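Visitor: Next up is a structure, given as structure tokens.
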Amino acid sequence: MDLGILGRKALVCASSAGLGKACAAALAREGCEVVLNGRDLARLQAAADEIEQACGRRPQLVVGDLNTVDGRAALLAACPAPDILVTNNAGPAPGGLKDWDRAAWMVALEANLLGPVELISAVVGGMRSRRFGRIVNITSAVVKSPRLAMSLSTTARTGLTAFSKGLARESVADNVTINNLLPQHIDTGRQQQMAELIMRDRGITFEAARALQVKAVRARRLGRPEEFADACAYLCSAQASFISGQNLQIDGGSYEGLI
């Protein structure tokens with residue numbers, strides 16, 4: 001299927017690895033002019049090499065920390081008028097109430113709520129005036145299935161979900177859609193980190209921890225980043241203009257709720 005986004009400018013946050021890199025590669029494959037972002041130039045260059053080899057298009061690189069005002073400003077300076085914005089950032093580590101002082105809460109809110117809101121606010125007006133825009137927020141399954149240990153992530157990302165829903169109701173009239181992708185059990189570095197936590201907490205091997213992760217997925221396997229990225233690319237397509245304000249779970253059928 002031709003997704004109708006050839007030549008569109010796509011700004012993909014935190015895209016030197018993991019789900020961000022996979023989404024950037026999927027958009028590059030569709031002919032987008034992709035901007036990669038990360039804090040480490042060497043990792044960014046490696047990601048760009050990989051995407052260029054696979055897609056024949058070399059992304060633009062922007063070194064910047066999304067958790068800072070200056071980092072977000074650098075990203076917007078490099079691509080002030082994107083047609084597509086994919087917000088993404090690492091989530092806070094699991095913990096407990098005793099671990100979360102005010103500083104911990106503010107770091108989580110900056111990374112997973114305030115930063116994305118600032119980026120969206122900066123570009124959505126231009127998208128609306130050009131009558132084309134696709135915004136996809138990579139959030140988390142915990143938005144719909146909260147767990148106490150993941151409260152920093154849940155709280156910040158639920159706030160982003162609420163903000164995006166309200167804005168989507170207005171922007172869709174100008175062909176600017178805003179949707180959220182909720183990953184769970186996708187085989188990235190984050191899953192490996194979680195397996196290492198399970199391994200230490202339960203005193204088991206890494207292989208046993210990974211087996212527990214797979215057992216928790218109804219599909220009985222971990223998801224591939226490419227599968228997740230294909231969903232992102234579709235939500236960015238011309239064909240997806242009537243899909244907005246939605247939360248799409250990419251979790252191998254594991255969510256137990258009805259809606």
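By order of appearance in the structure tokens: chains A, B, ..., then residues from 1 within every chain, and ligands from 1 in the order shown.
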Would you return as JSON, numbers by chain the members of segment 205-239 of chain A that DSSP assigns to helix (DSSP H, G or I) on this structure's backbone?
Guide: {"A": [206, 207, 208, 209, 210, 211, 212, 213, 214, 215, 225, 226, 227, 228, 229, 230, 231, 232, 233, 234, 235, 238, 239]}
Visitor: Restricting the output to N, CA and C atoms, write the selected residues as a short mmCIF file (atom, residue, chain, number, x, y, z; two decimals), in the first residue's frame.
Guide:
data_model
loop_
_atom_site.label_atom_id
_atom_site.label_comp_id
_atom_site.auth_asym_id
_atom_site.auth_seq_id
_atom_site.Cartn_x
_atom_site.Cartn_y
_atom_site.Cartn_z
N PHE A 206 18.80 -15.00 33.54
CA PHE A 206 18.26 -14.08 32.54
C PHE A 206 17.31 -14.81 31.60
N GLU A 207 17.67 -16.03 31.21
CA GLU A 207 16.83 -16.82 30.30
C GLU A 207 15.48 -17.13 30.94
N ALA A 208 15.48 -17.43 32.24
CA ALA A 208 14.22 -17.70 32.93
C ALA A 208 13.37 -16.43 33.02
N ALA A 209 14.03 -15.29 33.22
CA ALA A 209 13.29 -14.03 33.27
C ALA A 209 12.66 -13.72 31.92
N ARG A 210 13.38 -13.96 30.86
CA ARG A 210 12.83 -13.74 29.51
C ARG A 210 11.65 -14.68 29.26
N ALA A 211 11.76 -15.91 29.75
CA ALA A 211 10.65 -16.86 29.57
C ALA A 211 9.40 -16.37 30.29
N LEU A 212 9.57 -15.75 31.45
CA LEU A 212 8.43 -15.20 32.16
C LEU A 212 7.80 -14.05 31.38
N GLN A 213 8.62 -13.24 30.73
CA GLN A 213 8.08 -12.17 29.90
C GLN A 213 7.23 -12.74 28.77
N VAL A 214 7.74 -13.75 28.09
CA VAL A 214 7.01 -14.36 26.98
C VAL A 214 5.71 -14.98 27.48
N LYS A 215 5.76 -15.61 28.64
CA LYS A 215 4.56 -16.26 29.19
C LYS A 215 3.44 -15.27 29.46
N PRO A 225 10.00 -4.84 16.93
CA PRO A 225 9.92 -3.39 16.73
C PRO A 225 9.35 -3.02 15.37
N GLU A 226 9.63 -3.82 14.35
CA GLU A 226 9.13 -3.53 13.00
C GLU A 226 7.61 -3.61 12.93
N GLU A 227 7.02 -4.53 13.71
CA GLU A 227 5.56 -4.62 13.74
C GLU A 227 4.95 -3.35 14.35
N PHE A 228 5.56 -2.91 15.42
CA PHE A 228 5.11 -1.67 16.05
C PHE A 228 5.24 -0.49 15.09
N ALA A 229 6.38 -0.43 14.40
CA ALA A 229 6.67 0.69 13.50
C ALA A 229 5.70 0.73 12.33
N ASP A 230 5.28 -0.41 11.84
CA ASP A 230 4.32 -0.42 10.74
C ASP A 230 2.99 0.21 11.15
N ALA A 231 2.59 -0.02 12.41
CA ALA A 231 1.36 0.62 12.91
C ALA A 231 1.54 2.13 12.97
N CYS A 232 2.72 2.56 13.39
CA CYS A 232 3.01 3.99 13.44
C CYS A 232 2.94 4.59 12.04
N ALA A 233 3.57 3.93 11.07
CA ALA A 233 3.57 4.45 9.70
C ALA A 233 2.15 4.57 9.17
N TYR A 234 1.31 3.60 9.46
CA TYR A 234 -0.07 3.69 8.97
C TYR A 234 -0.80 4.88 9.59
N LEU A 235 -0.63 5.10 10.89
CA LEU A 235 -1.29 6.23 11.53
C LEU A 235 -0.81 7.57 10.97
N ALA A 238 -1.79 9.09 4.64
CA ALA A 238 -2.92 9.85 4.12
C ALA A 238 -4.22 9.13 4.38
N GLN A 239 -4.18 7.80 4.34
CA GLN A 239 -5.40 6.99 4.51
C GLN A 239 -5.96 7.05 5.93
#
Visitor: If you count only C-alpha atoms, which residues fall within 9 Å of segment 37-40 of chain A, apart from same-chain ones fewer than 2 positions away, as an mmCIF file with N, CA and C atoms, in the first residue's frame?
Guide:
data_model
loop_
_atom_site.group_PDB
_atom_site.id
_atom_site.type_symbol
_atom_site.label_atom_id
_atom_site.label_comp_id
_atom_site.auth_asym_id
_atom_site.auth_seq_id
_atom_site.Cartn_x
_atom_site.Cartn_y
_atom_site.Cartn_z
ATOM 1 N N LEU A 11 9.574 14.216 11.997
ATOM 2 C CA LEU A 11 10.434 14.435 13.146
ATOM 3 C C LEU A 11 10.154 13.331 14.155
ATOM 4 N N VAL A 12 11.154 12.485 14.411
ATOM 5 C CA VAL A 12 10.967 11.325 15.289
ATOM 6 C C VAL A 12 11.883 11.477 16.500
ATOM 7 N N CYS A 13 11.293 11.608 17.662
ATOM 8 C CA CYS A 13 12.060 11.837 18.885
ATOM 9 C C CYS A 13 12.674 10.535 19.408
ATOM 10 N N ALA A 14 13.796 10.667 20.082
ATOM 11 C CA ALA A 14 14.472 9.530 20.728
ATOM 12 C C ALA A 14 14.541 8.348 19.764
ATOM 13 N N SER A 15 15.207 8.567 18.639
ATOM 14 C CA SER A 15 15.136 7.604 17.537
ATOM 15 C C SER A 15 16.479 6.996 17.154
ATOM 16 N N SER A 16 17.440 7.015 18.068
ATOM 17 C CA SER A 16 18.719 6.374 17.777
ATOM 18 C C SER A 16 18.693 4.880 18.064
ATOM 19 N N ALA A 17 17.634 4.396 18.709
ATOM 20 C CA ALA A 17 17.528 2.979 19.049
ATOM 21 C C ALA A 17 16.069 2.650 19.344
ATOM 22 N N GLY A 20 11.766 4.104 18.632
ATOM 23 C CA GLY A 20 11.930 5.334 17.859
ATOM 24 C C GLY A 20 12.668 5.081 16.562
ATOM 25 N N VAL A 35 13.978 13.093 10.394
ATOM 26 C CA VAL A 35 14.937 13.697 11.321
ATOM 27 C C VAL A 35 15.066 12.773 12.525
ATOM 28 N N ALA A 42 27.381 9.206 18.119
ATOM 29 C CA ALA A 42 27.823 7.945 17.531
ATOM 30 C C ALA A 42 26.653 6.996 17.315
ATOM 31 N N ARG A 43 25.761 6.919 18.276
ATOM 32 C CA ARG A 43 24.574 6.057 18.129
ATOM 33 C C ARG A 43 23.661 6.583 17.022
ATOM 34 N N LEU A 44 23.526 7.892 16.946
ATOM 35 C CA LEU A 44 22.713 8.485 15.881
ATOM 36 C C LEU A 44 23.288 8.164 14.509
ATOM 37 N N GLN A 45 24.590 8.293 14.374
ATOM 38 C CA GLN A 45 25.229 8.002 13.088
ATOM 39 C C GLN A 45 25.060 6.538 12.716
ATOM 40 N N GLN A 60 18.354 13.159 8.605
ATOM 41 C CA GLN A 60 19.043 14.279 9.236
ATOM 42 C C GLN A 60 19.218 13.951 10.715
ATOM 43 N N LEU A 61 20.315 14.381 11.312
ATOM 44 C CA LEU A 61 20.612 14.056 12.703
ATOM 45 C C LEU A 61 20.572 15.306 13.567
ATOM 46 N N VAL A 62 19.943 15.173 14.732
ATOM 47 C CA VAL A 62 19.914 16.264 15.705
ATOM 48 C C VAL A 62 20.282 15.693 17.074
ATOM 49 N N VAL A 63 21.420 16.137 17.588
ATOM 50 C CA VAL A 63 21.823 15.741 18.934
ATOM 51 C C VAL A 63 21.138 16.680 19.920
ATOM 52 N N GLY A 64 20.387 16.100 20.851
ATOM 53 C CA GLY A 64 19.693 16.936 21.824
ATOM 54 C C GLY A 64 18.975 16.091 22.848
ATOM 55 N N ASP A 65 18.948 16.553 24.067
ATOM 56 C CA ASP A 65 18.281 15.864 25.171
ATOM 57 C C ASP A 65 16.847 16.366 25.268
ATOM 58 N N LEU A 66 15.903 15.488 25.021
ATOM 59 C CA LEU A 66 14.494 15.866 25.047
ATOM 60 C C LEU A 66 14.020 16.312 26.418
ATOM 61 N N GLY A 71 17.424 21.144 24.394
ATOM 62 C CA GLY A 71 17.360 19.993 23.508
ATOM 63 C C GLY A 71 16.151 20.039 22.607
ATOM 64 N N LEU A 75 15.843 20.577 18.350
ATOM 65 C CA LEU A 75 15.041 19.724 17.481
ATOM 66 C C LEU A 75 14.110 20.566 16.609
#
Visitor: So that I can check the surroundings of Met106 of chain A, please list as an MDAnalysis selection string every protein, DNA and RNA residue that reaches within 12 Å of it, counting only C-alpha atoms and ignoring chain neighbours fewer than 2 positions away.
Guide: chainID A and resid 67 92 100:104 108:115 152:153 155:156
Visitor: Take the residues just selected and output them with N, CA and C atoms as a compact mmCIF listing (two decimals), in the first residue's frame.
Guide:
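Saved as again.txt:
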# COMPACT_ATOMS: atom_id res chain seq x y z
N ASN A 67 14.78 15.99 27.45
CA ASN A 67 14.39 16.37 28.80
C ASN A 67 14.77 17.80 29.15
N PRO A 92 10.52 6.40 33.00
CA PRO A 92 11.21 6.30 34.29
C PRO A 92 11.29 4.85 34.76
N TRP A 100 9.97 7.97 45.47
CA TRP A 100 9.57 9.08 44.62
C TRP A 100 9.41 10.37 45.42
N ASP A 101 10.45 11.17 45.43
CA ASP A 101 10.33 12.49 46.01
C ASP A 101 9.87 13.46 44.93
N ARG A 102 9.77 14.72 45.27
CA ARG A 102 9.29 15.71 44.30
C ARG A 102 10.19 15.76 43.07
N ALA A 103 11.49 15.64 43.26
CA ALA A 103 12.42 15.70 42.13
C ALA A 103 12.16 14.56 41.15
N ALA A 104 11.90 13.37 41.66
CA ALA A 104 11.62 12.22 40.78
C ALA A 104 10.35 12.45 39.97
N ALA A 108 10.04 12.85 35.74
CA ALA A 108 9.11 12.05 34.95
C ALA A 108 8.15 12.93 34.16
N LEU A 109 7.63 13.96 34.79
CA LEU A 109 6.69 14.85 34.11
C LEU A 109 7.36 15.62 32.98
N GLU A 110 8.59 16.05 33.19
CA GLU A 110 9.33 16.76 32.14
C GLU A 110 9.55 15.86 30.93
N ALA A 111 9.94 14.61 31.19
CA ALA A 111 10.29 13.70 30.10
C ALA A 111 9.09 13.18 29.34
N ASN A 112 8.01 12.88 30.03
CA ASN A 112 6.91 12.14 29.41
C ASN A 112 5.59 12.89 29.34
N LEU A 113 5.57 14.15 29.78
CA LEU A 113 4.38 14.99 29.64
C LEU A 113 4.75 16.37 29.10
N LEU A 114 5.53 17.13 29.85
CA LEU A 114 5.77 18.52 29.48
C LEU A 114 6.58 18.63 28.19
N GLY A 115 7.59 17.79 28.02
CA GLY A 115 8.38 17.83 26.80
C GLY A 115 7.55 17.56 25.55
N LEU A 152 5.20 6.55 38.02
CA LEU A 152 5.79 7.73 37.40
C LEU A 152 5.44 7.79 35.92
N SER A 153 5.62 6.67 35.24
CA SER A 153 5.31 6.60 33.82
C SER A 153 3.82 6.75 33.57
N THR A 155 1.41 8.15 35.34
CA THR A 155 0.85 9.48 35.61
C THR A 155 1.22 10.47 34.53
N ALA A 156 2.50 10.50 34.16
CA ALA A 156 2.93 11.45 33.14
C ALA A 156 2.28 11.15 31.80
Visitor: Can you tell me, as a list in words, what residues are no more than 12 Å from Leu258 of chain A when counting only C-alpha atoms, ignoring any on the same chain fewer than 2 positions away?
Guide: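 Result of the neighbour search: Lys144, Ser145, Gly253, Ser254, Tyr255 and Glu256 of chain A.
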Visitor: List every residue of segment 79-246 of chain A that DSSP, applied to the backbone of this structure, places in strand (DSSP E or B), and write the result as a PyMOL selection string.
Guide: chain A and resi 84-87+133-138+176-183+186+223
Visitor: Save out the residues we just selected, N, CA and C atoms, as a PDB file, in the first residue's frame.
Guide:
ATOM      1  N   ILE A  84       4.928  15.367  10.116  1.00  0.00           N
ATOM      2  CA  ILE A  84       4.731  14.236  11.012  1.00  0.00           C
ATOM      3  C   ILE A  84       5.601  14.446  12.240  1.00  0.00           C
ATOM      4  N   LEU A  85       5.015  14.256  13.410  1.00  0.00           N
ATOM      5  CA  LEU A  85       5.760  14.303  14.665  1.00  0.00           C
ATOM      6  C   LEU A  85       5.481  13.016  15.432  1.00  0.00           C
ATOM      7  N   VAL A  86       6.544  12.299  15.754  1.00  0.00           N
ATOM      8  CA  VAL A  86       6.433  11.115  16.602  1.00  0.00           C
ATOM      9  C   VAL A  86       7.136  11.442  17.910  1.00  0.00           C
ATOM     10  N   THR A  87       6.368  11.608  18.984  1.00  0.00           N
ATOM     11  CA  THR A  87       6.983  11.870  20.283  1.00  0.00           C
ATOM     12  C   THR A  87       7.316  10.546  20.949  1.00  0.00           C
ATOM     13  N   GLY A 133      -1.284  17.024   8.960  1.00  0.00           N
ATOM     14  CA  GLY A 133      -0.411  16.744  10.094  1.00  0.00           C
ATOM     15  C   GLY A 133      -0.741  15.410  10.710  1.00  0.00           C
ATOM     16  N   ARG A 134       0.295  14.719  11.132  1.00  0.00           N
ATOM     17  CA  ARG A 134       0.119  13.445  11.833  1.00  0.00           C
ATOM     18  C   ARG A 134       1.013  13.470  13.069  1.00  0.00           C
ATOM     19  N   ILE A 135       0.395  13.361  14.224  1.00  0.00           N
ATOM     20  CA  ILE A 135       1.130  13.306  15.486  1.00  0.00           C
ATOM     21  C   ILE A 135       0.857  11.955  16.130  1.00  0.00           C
ATOM     22  N   VAL A 136       1.917  11.245  16.442  1.00  0.00           N
ATOM     23  CA  VAL A 136       1.808   9.953  17.106  1.00  0.00           C
ATOM     24  C   VAL A 136       2.661  10.003  18.367  1.00  0.00           C
ATOM     25  N   ASN A 137       2.033   9.748  19.498  1.00  0.00           N
ATOM     26  CA  ASN A 137       2.751   9.678  20.764  1.00  0.00           C
ATOM     27  C   ASN A 137       2.993   8.218  21.125  1.00  0.00           C
ATOM     28  N   ILE A 138       4.236   7.868  21.356  1.00  0.00           N
ATOM     29  CA  ILE A 138       4.540   6.533  21.864  1.00  0.00           C
ATOM     30  C   ILE A 138       4.458   6.615  23.381  1.00  0.00           C
ATOM     31  N   VAL A 176      -5.410  17.212  10.790  1.00  0.00           N
ATOM     32  CA  VAL A 176      -4.286  16.948  11.689  1.00  0.00           C
ATOM     33  C   VAL A 176      -4.765  15.945  12.738  1.00  0.00           C
ATOM     34  N   THR A 177      -4.240  14.749  12.665  1.00  0.00           N
ATOM     35  CA  THR A 177      -4.660  13.693  13.586  1.00  0.00           C
ATOM     36  C   THR A 177      -3.631  13.519  14.692  1.00  0.00           C
ATOM     37  N   ILE A 178      -4.115  13.104  15.857  1.00  0.00           N
ATOM     38  CA  ILE A 178      -3.253  12.844  17.013  1.00  0.00           C
ATOM     39  C   ILE A 178      -3.681  11.512  17.623  1.00  0.00           C
ATOM     40  N   ASN A 179      -2.769  10.572  17.635  1.00  0.00           N
ATOM     41  CA  ASN A 179      -3.052   9.249  18.173  1.00  0.00           C
ATOM     42  C   ASN A 179      -1.909   8.790  19.056  1.00  0.00           C
ATOM     43  N   ASN A 180      -2.190   7.786  19.869  1.00  0.00           N
ATOM     44  CA  ASN A 180      -1.200   7.247  20.786  1.00  0.00           C
ATOM     45  C   ASN A 180      -1.001   5.755  20.528  1.00  0.00           C
ATOM     46  N   LEU A 181       0.240   5.339  20.525  1.00  0.00           N
ATOM     47  CA  LEU A 181       0.578   3.916  20.439  1.00  0.00           C
ATOM     48  C   LEU A 181       1.038   3.449  21.815  1.00  0.00           C
ATOM     49  N   LEU A 182       0.457   2.345  22.272  1.00  0.00           N
ATOM     50  CA  LEU A 182       0.714   1.843  23.616  1.00  0.00           C
ATOM     51  C   LEU A 182       1.452   0.502  23.520  1.00  0.00           C
ATOM     52  N   PRO A 183       2.776   0.521  23.559  1.00  0.00           N
ATOM     53  CA  PRO A 183       3.524  -0.729  23.430  1.00  0.00           C
ATOM     54  C   PRO A 183       3.565  -1.516  24.734  1.00  0.00           C
ATOM     55  N   ILE A 186       7.408  -5.460  23.651  1.00  0.00           N
ATOM     56  CA  ILE A 186       8.120  -5.373  22.378  1.00  0.00           C
ATOM     57  C   ILE A 186       9.608  -5.617  22.670  1.00  0.00           C
ATOM     58  N   GLY A 223       6.901  -8.994  20.851  1.00  0.00           N
ATOM     59  CA  GLY A 223       6.662  -8.293  19.594  1.00  0.00           C
ATOM     60  C   GLY A 223       7.954  -7.820  18.969  1.00  0.00           C
TER      61      GLY A 223
END
Visitor: What does the distance from atom CA of Thr188 of chain A to atom CA of Ala90 of chain A come to in Å, to one decimal?
Guide: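 Atom CA of Thr188 of chain A sits 11.7 Å away from atom CA of Ala90 of chain A.
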Visitor: Atom CA of Val172 of chain A to atom CA of Ser244 of chain A: how many Å, to one decimal?
Guide: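 The value is 6.9 Å.
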Visitor: State, in Å with one decimal place, the distance from atom CA of Arg190 of chain A to atom CA of Gln249 of chain A.
Guide: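 Interatomic distance, atom CA of Arg190 of chain A to atom CA of Gln249 of chain A: 17.1 Å.
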Visitor: Leaving out Ala81 of chain A and any residue of its chain fewer than 2 positions from it, which residues lie within 10 Å of it when counting only C-alpha atoms, given as an NGL selection string?
Guide: :A and (9-11 or 76-79 or 83-85 or 122-127 or 130 or 133)
Visitor: I need the residue nearest Gly96 of chain A from this list: A:Ser151, A:Gln246, A:Gln193, A:Thr139. Use only C-alpha atoms for the distance.
Guide: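 Closest residue, counting only C-alpha atoms: A:Ser151.
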Visitor: In terms of the shortest atom-to-atom distance over only C-alpha atoms, which of A:Asn175, A:Ser237, A:Gln53, A:Ser140 is closest to Asn88 of chain A?
Guide: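 Closest residue, counting only C-alpha atoms: A:Ser140.
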Visitor: Go through A:Ile243, A:Cys23, A:Leu97, A:Ala46 one by one, measure the shortest atom-to-atom distance of each to Arg169 of chain A using only C-alpha atoms, and give the residue with the smallest value.
Guide: A:Ile243
Visitor: Looking at only C-alpha atoms, which of A:Gly95, A:Gly166, A:Pro116, A:Pro80 is the one that sits closest to Ala149 of chain A?
Guide: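 Residue with the minimum atom-to-atom distance to Ala149 of chain A: A:Gly95.
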